[in-house]
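Notes follow the structure.
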Amino acid sequence: RLNVDGSARMDLSSSVAALVALRGFDLDPATDVDRSKVRSMFEGPGVTVRSVRVSRRDGRQFVHVRLDVEDIRRLSRVAPFSWSKYQFDRHGETLEYKQQVGAAVAKTVGDVGWNGKELVAFRMHIPSVITFHNAPSKKVQRGNILEWEQPFVDRMEGLPVDVRVNMTPHSILSSTLLLFGS
């Protein structure tokens, strides 16, 4: 959830095995997750970890991390997000967000039950009117949600993901509250 000032609320959900394979996390997919260890992996300058939850699905462990980011442009300083370059700039009456997702660590994790159909998805909740985006589906979900998906095997091979969004500099929420307040 990107904000018009460049701050963000991020929710990451991933299998432990995917965190190991894609980002090289020092975790064992076969043992219980140490939440404090996961929390420390996501902490960094300008990032506040709000919560770390663990769940199981199909015999695999998943982690769900919620964090607040002071400035999205500096997020690449935090290890789990260092595979991306982030830009967020104002050009006249347009805010431009760009994220170039680079190569994964591509660490081998062994047989963790993957079937080859797994996806890596990047979803963004845009805070204002979207004037341009390059989401492959060409769709805007529920008014202001965009999604870029990539097959897990392509992500492991390091095929880039190019995220681009242009938006107006005024929050939909503040406009709505002003309208209702009037």
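Residues in the structure tokens are named by chain (A, B, ... in the order shown) and by number from 1 within that chain; ligands are numbered from 1 in the order shown.
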
Could you give me, as JSON lines, every range 24-110 of chain A residue with an atom at most 8 Å from range 151-172 of chain A, plus its closest atom pair and distance in Å to one decimal, counting only C-alpha atoms, rows ordered by chain then number?
{"residue": "A:Glu93", "atom": "CA", "partner": "A:Thr168", "partner_atom": "CA", "distance": 6.4}
{"residue": "A:Thr94", "atom": "CA", "partner": "A:Thr168", "partner_atom": "CA", "distance": 5.1}
{"residue": "A:Leu95", "atom": "CA", "partner": "A:Met167", "partner_atom": "CA", "distance": 5.2}
{"residue": "A:Glu96", "atom": "CA", "partner": "A:Asn166", "partner_atom": "CA", "distance": 4.5}
{"residue": "A:Tyr97", "atom": "CA", "partner": "A:Val165", "partner_atom": "CA", "distance": 5.2}
{"residue": "A:Lys98", "atom": "CA", "partner": "A:Arg164", "partner_atom": "CA", "distance": 4.6}
{"residue": "A:Gln99", "atom": "CA", "partner": "A:Val163", "partner_atom": "CA", "distance": 4.9}
{"residue": "A:Gln100", "atom": "CA", "partner": "A:Asp162", "partner_atom": "CA", "distance": 4.8}
{"residue": "A:Val101", "atom": "CA", "partner": "A:Val161", "partner_atom": "CA", "distance": 5.0}
{"residue": "A:Gly102", "atom": "CA", "partner": "A:Pro160", "partner_atom": "CA", "distance": 5.2}
{"residue": "A:Ala103", "atom": "CA", "partner": "A:Gly158", "partner_atom": "CA", "distance": 3.9}
{"residue": "A:Ala104", "atom": "CA", "partner": "A:Gly158", "partner_atom": "CA", "distance": 5.5}
{"residue": "A:Val105", "atom": "CA", "partner": "A:Met156", "partner_atom": "CA", "distance": 7.5}
{"residue": "A:Ala106", "atom": "CA", "partner": "A:Met156", "partner_atom": "CA", "distance": 5.2}

Residues from the last selection, all heavy atoms, saved as an mmCIF file, in the first residue's frame:
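Result went into part-v6.cif, see below:
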data_model
loop_
_atom_site.group_PDB
_atom_site.id
_atom_site.type_symbol
_atom_site.label_atom_id
_atom_site.label_comp_id
_atom_site.auth_asym_id
_atom_site.auth_seq_id
_atom_site.Cartn_x
_atom_site.Cartn_y
_atom_site.Cartn_z
ATOM 1 N N GLU A 93 1.976 17.311 -12.268
ATOM 2 C CA GLU A 93 0.787 16.827 -11.553
ATOM 3 C C GLU A 93 0.706 15.298 -11.549
ATOM 4 O O GLU A 93 -0.388 14.739 -11.399
ATOM 5 C CB GLU A 93 -0.478 17.425 -12.164
ATOM 6 C CG GLU A 93 -0.677 18.888 -11.820
ATOM 7 C CD GLU A 93 -0.790 19.115 -10.312
ATOM 8 O OE1 GLU A 93 -1.576 18.425 -9.630
ATOM 9 O OE2 GLU A 93 -0.060 19.990 -9.803
ATOM 10 N N THR A 94 1.828 14.632 -11.702
ATOM 11 C CA THR A 94 1.847 13.174 -11.733
ATOM 12 C C THR A 94 2.911 12.635 -10.791
ATOM 13 O O THR A 94 4.036 13.146 -10.752
ATOM 14 C CB THR A 94 2.143 12.666 -13.170
ATOM 15 O OG1 THR A 94 1.154 13.174 -14.051
ATOM 16 C CG2 THR A 94 2.151 11.156 -13.236
ATOM 17 N N LEU A 95 2.545 11.608 -10.035
ATOM 18 C CA LEU A 95 3.507 10.851 -9.250
ATOM 19 C C LEU A 95 3.866 9.607 -10.057
ATOM 20 O O LEU A 95 2.976 8.918 -10.565
ATOM 21 C CB LEU A 95 2.913 10.431 -7.907
ATOM 22 C CG LEU A 95 2.572 11.553 -6.935
ATOM 23 C CD1 LEU A 95 1.851 10.995 -5.707
ATOM 24 C CD2 LEU A 95 3.826 12.305 -6.516
ATOM 25 N N GLU A 96 5.158 9.328 -10.184
ATOM 26 C CA GLU A 96 5.612 8.165 -10.936
ATOM 27 C C GLU A 96 6.318 7.196 -10.003
ATOM 28 O O GLU A 96 7.271 7.569 -9.319
ATOM 29 C CB GLU A 96 6.576 8.581 -12.046
ATOM 30 C CG GLU A 96 5.950 9.400 -13.137
ATOM 31 C CD GLU A 96 6.936 9.781 -14.234
ATOM 32 O OE1 GLU A 96 8.146 9.496 -14.096
ATOM 33 O OE2 GLU A 96 6.493 10.368 -15.227
ATOM 34 N N TYR A 97 5.846 5.953 -10.001
ATOM 35 C CA TYR A 97 6.476 4.884 -9.226
ATOM 36 C C TYR A 97 7.060 3.881 -10.208
ATOM 37 O O TYR A 97 6.391 3.467 -11.163
ATOM 38 C CB TYR A 97 5.452 4.183 -8.327
ATOM 39 C CG TYR A 97 6.038 2.991 -7.608
ATOM 40 C CD1 TYR A 97 6.806 3.166 -6.463
ATOM 41 C CD2 TYR A 97 5.852 1.704 -8.077
ATOM 42 C CE1 TYR A 97 7.367 2.078 -5.813
ATOM 43 C CE2 TYR A 97 6.403 0.613 -7.433
ATOM 44 C CZ TYR A 97 7.167 0.810 -6.295
ATOM 45 O OH TYR A 97 7.724 -0.261 -5.664
ATOM 46 N N LYS A 98 8.314 3.508 -9.971
ATOM 47 C CA LYS A 98 8.973 2.491 -10.780
ATOM 48 C C LYS A 98 9.698 1.529 -9.847
ATOM 49 O O LYS A 98 10.344 1.958 -8.887
ATOM 50 C CB LYS A 98 9.991 3.108 -11.737
ATOM 51 C CG LYS A 98 9.401 4.035 -12.761
ATOM 52 C CD LYS A 98 10.484 4.652 -13.621
ATOM 53 C CE LYS A 98 9.911 5.693 -14.563
ATOM 54 N NZ LYS A 98 10.973 6.349 -15.331
ATOM 55 N N GLN A 99 9.562 0.258 -10.144
ATOM 56 C CA GLN A 99 10.287 -0.767 -9.395
ATOM 57 C C GLN A 99 10.820 -1.773 -10.402
ATOM 58 O O GLN A 99 10.067 -2.345 -11.186
ATOM 59 C CB GLN A 99 9.371 -1.475 -8.396
ATOM 60 C CG GLN A 99 10.066 -2.565 -7.606
ATOM 61 C CD GLN A 99 9.125 -3.255 -6.633
ATOM 62 O OE1 GLN A 99 8.010 -2.811 -6.397
ATOM 63 N NE2 GLN A 99 9.581 -4.366 -6.078
ATOM 64 N N GLN A 100 12.107 -1.950 -10.377
ATOM 65 C CA GLN A 100 12.748 -2.935 -11.237
ATOM 66 C C GLN A 100 13.223 -4.065 -10.323
ATOM 67 O O GLN A 100 14.120 -3.879 -9.512
ATOM 68 C CB GLN A 100 13.937 -2.311 -11.971
ATOM 69 C CG GLN A 100 14.541 -3.181 -13.023
ATOM 70 C CD GLN A 100 13.669 -3.290 -14.264
ATOM 71 O OE1 GLN A 100 12.973 -2.354 -14.620
ATOM 72 N NE2 GLN A 100 13.710 -4.413 -14.922
ATOM 73 N N VAL A 101 12.564 -5.232 -10.434
ATOM 74 C CA VAL A 101 12.922 -6.388 -9.607
ATOM 75 C C VAL A 101 13.984 -7.172 -10.346
ATOM 76 O O VAL A 101 13.757 -7.647 -11.466
ATOM 77 C CB VAL A 101 11.702 -7.280 -9.305
ATOM 78 C CG1 VAL A 101 12.088 -8.396 -8.346
ATOM 79 C CG2 VAL A 101 10.558 -6.456 -8.735
ATOM 80 N N GLY A 102 15.147 -7.305 -9.733
ATOM 81 C CA GLY A 102 16.268 -7.996 -10.350
ATOM 82 C C GLY A 102 16.311 -9.470 -10.000
ATOM 83 O O GLY A 102 15.311 -10.084 -9.647
ATOM 84 N N ALA A 103 17.490 -10.010 -10.077
ATOM 85 C CA ALA A 103 17.698 -11.452 -9.923
ATOM 86 C C ALA A 103 17.463 -11.935 -8.495
ATOM 87 O O ALA A 103 17.726 -11.233 -7.527
ATOM 88 C CB ALA A 103 19.113 -11.816 -10.353
ATOM 89 N N ALA A 104 16.982 -13.161 -8.409
ATOM 90 C CA ALA A 104 16.833 -13.852 -7.132
ATOM 91 C C ALA A 104 18.177 -14.470 -6.745
ATOM 92 O O ALA A 104 19.069 -14.611 -7.579
ATOM 93 C CB ALA A 104 15.777 -14.939 -7.247
ATOM 94 N N VAL A 105 18.291 -14.864 -5.486
ATOM 95 C CA VAL A 105 19.482 -15.570 -5.024
ATOM 96 C C VAL A 105 19.572 -16.947 -5.684
ATOM 97 O O VAL A 105 20.646 -17.430 -5.999
ATOM 98 C CB VAL A 105 19.469 -15.692 -3.479
ATOM 99 C CG1 VAL A 105 20.585 -16.574 -2.983
ATOM 100 C CG2 VAL A 105 19.556 -14.315 -2.844
ATOM 101 N N ALA A 106 18.403 -17.570 -5.893
ATOM 102 C CA ALA A 106 18.297 -18.888 -6.549
ATOM 103 C C ALA A 106 19.049 -19.978 -5.782
ATOM 104 O O ALA A 106 19.824 -20.739 -6.328
ATOM 105 C CB ALA A 106 18.753 -18.818 -8.003
#

> Quick one: residues within 9 Å of Ala121 in chain A, only C-alpha atoms counted, chain neighbours fewer than 3 positions away excluded, as a PyMOL selection string?
Replying inline: chain A and resi 147-151

Could you turn the residues from that selection into a file that holds N, CA and C atoms, as a tab-separated table (two decimals), in the first residue's frame?
chain	number	residue	atom	x	y	z
A	147	GLU	N	-1.52	-5.75	-10.14
A	147	GLU	CA	-0.79	-6.98	-9.84
A	147	GLU	C	0.13	-7.35	-11.00
A	148	TRP	N	1.35	-7.72	-10.63
A	148	TRP	CA	2.32	-8.26	-11.56
A	148	TRP	C	2.63	-9.66	-11.08
A	149	GLU	N	2.41	-10.66	-11.92
A	149	GLU	CA	2.70	-12.06	-11.56
A	149	GLU	C	3.82	-12.57	-12.44
A	150	GLN	N	4.57	-13.51	-11.86
A	150	GLN	CA	5.64	-14.16	-12.60
A	150	GLN	C	5.72	-15.60	-12.14
A	151	PRO	N	5.86	-16.55	-13.06
A	151	PRO	CA	6.06	-17.94	-12.62
A	151	PRO	C	7.31	-18.03	-11.74

> Leaving out range 22-29 of chain A and any residue of its chain fewer than 2 positions from it, which residues lie within 9 Å of it when counting only C-alpha atoms, given as a list of chain:residue names?
Replying inline: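 The residues that qualify are A:Ser15, A:Val16, A:Ala17, A:Ala18, A:Leu19, A:Val20, A:Thr31, A:Asp32, A:Val33, A:Asp34, A:Lys37, A:Val38, A:Met41, A:Arg60, A:Gln61, A:Ala79, A:Pro80, A:Phe81, A:Trp83, A:Ala103, A:Ala104, A:Val105, A:Ala106, A:Lys107, A:Val109, A:Val112, A:Arg155, A:Met156.
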
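With only C-alpha atoms as the basis for measurement, A:Leu146 is the residue among A:Val47, A:Met10, A:Leu146, A:Val52 that approaches Asn134 in chain A most closely.
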
> How many Å lie between CA of Arg142 in chain A and CA of Ile126 in chain A, rounded to one decimal?
Replying inline: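 CA of Ile126 in chain A lies at a distance of 10.7 Å from CA of Arg142 in chain A.
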
>> Taking only C-alpha atoms into account, name the residue in A:Arg50, A:His133, A:Arg90, A:Lys139 that is nearest to Val4 in chain A.
In response: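 Between A:Arg50, A:His133, A:Arg90, A:Lys139, the residue approaching Val4 in chain A most closely is A:Arg90.
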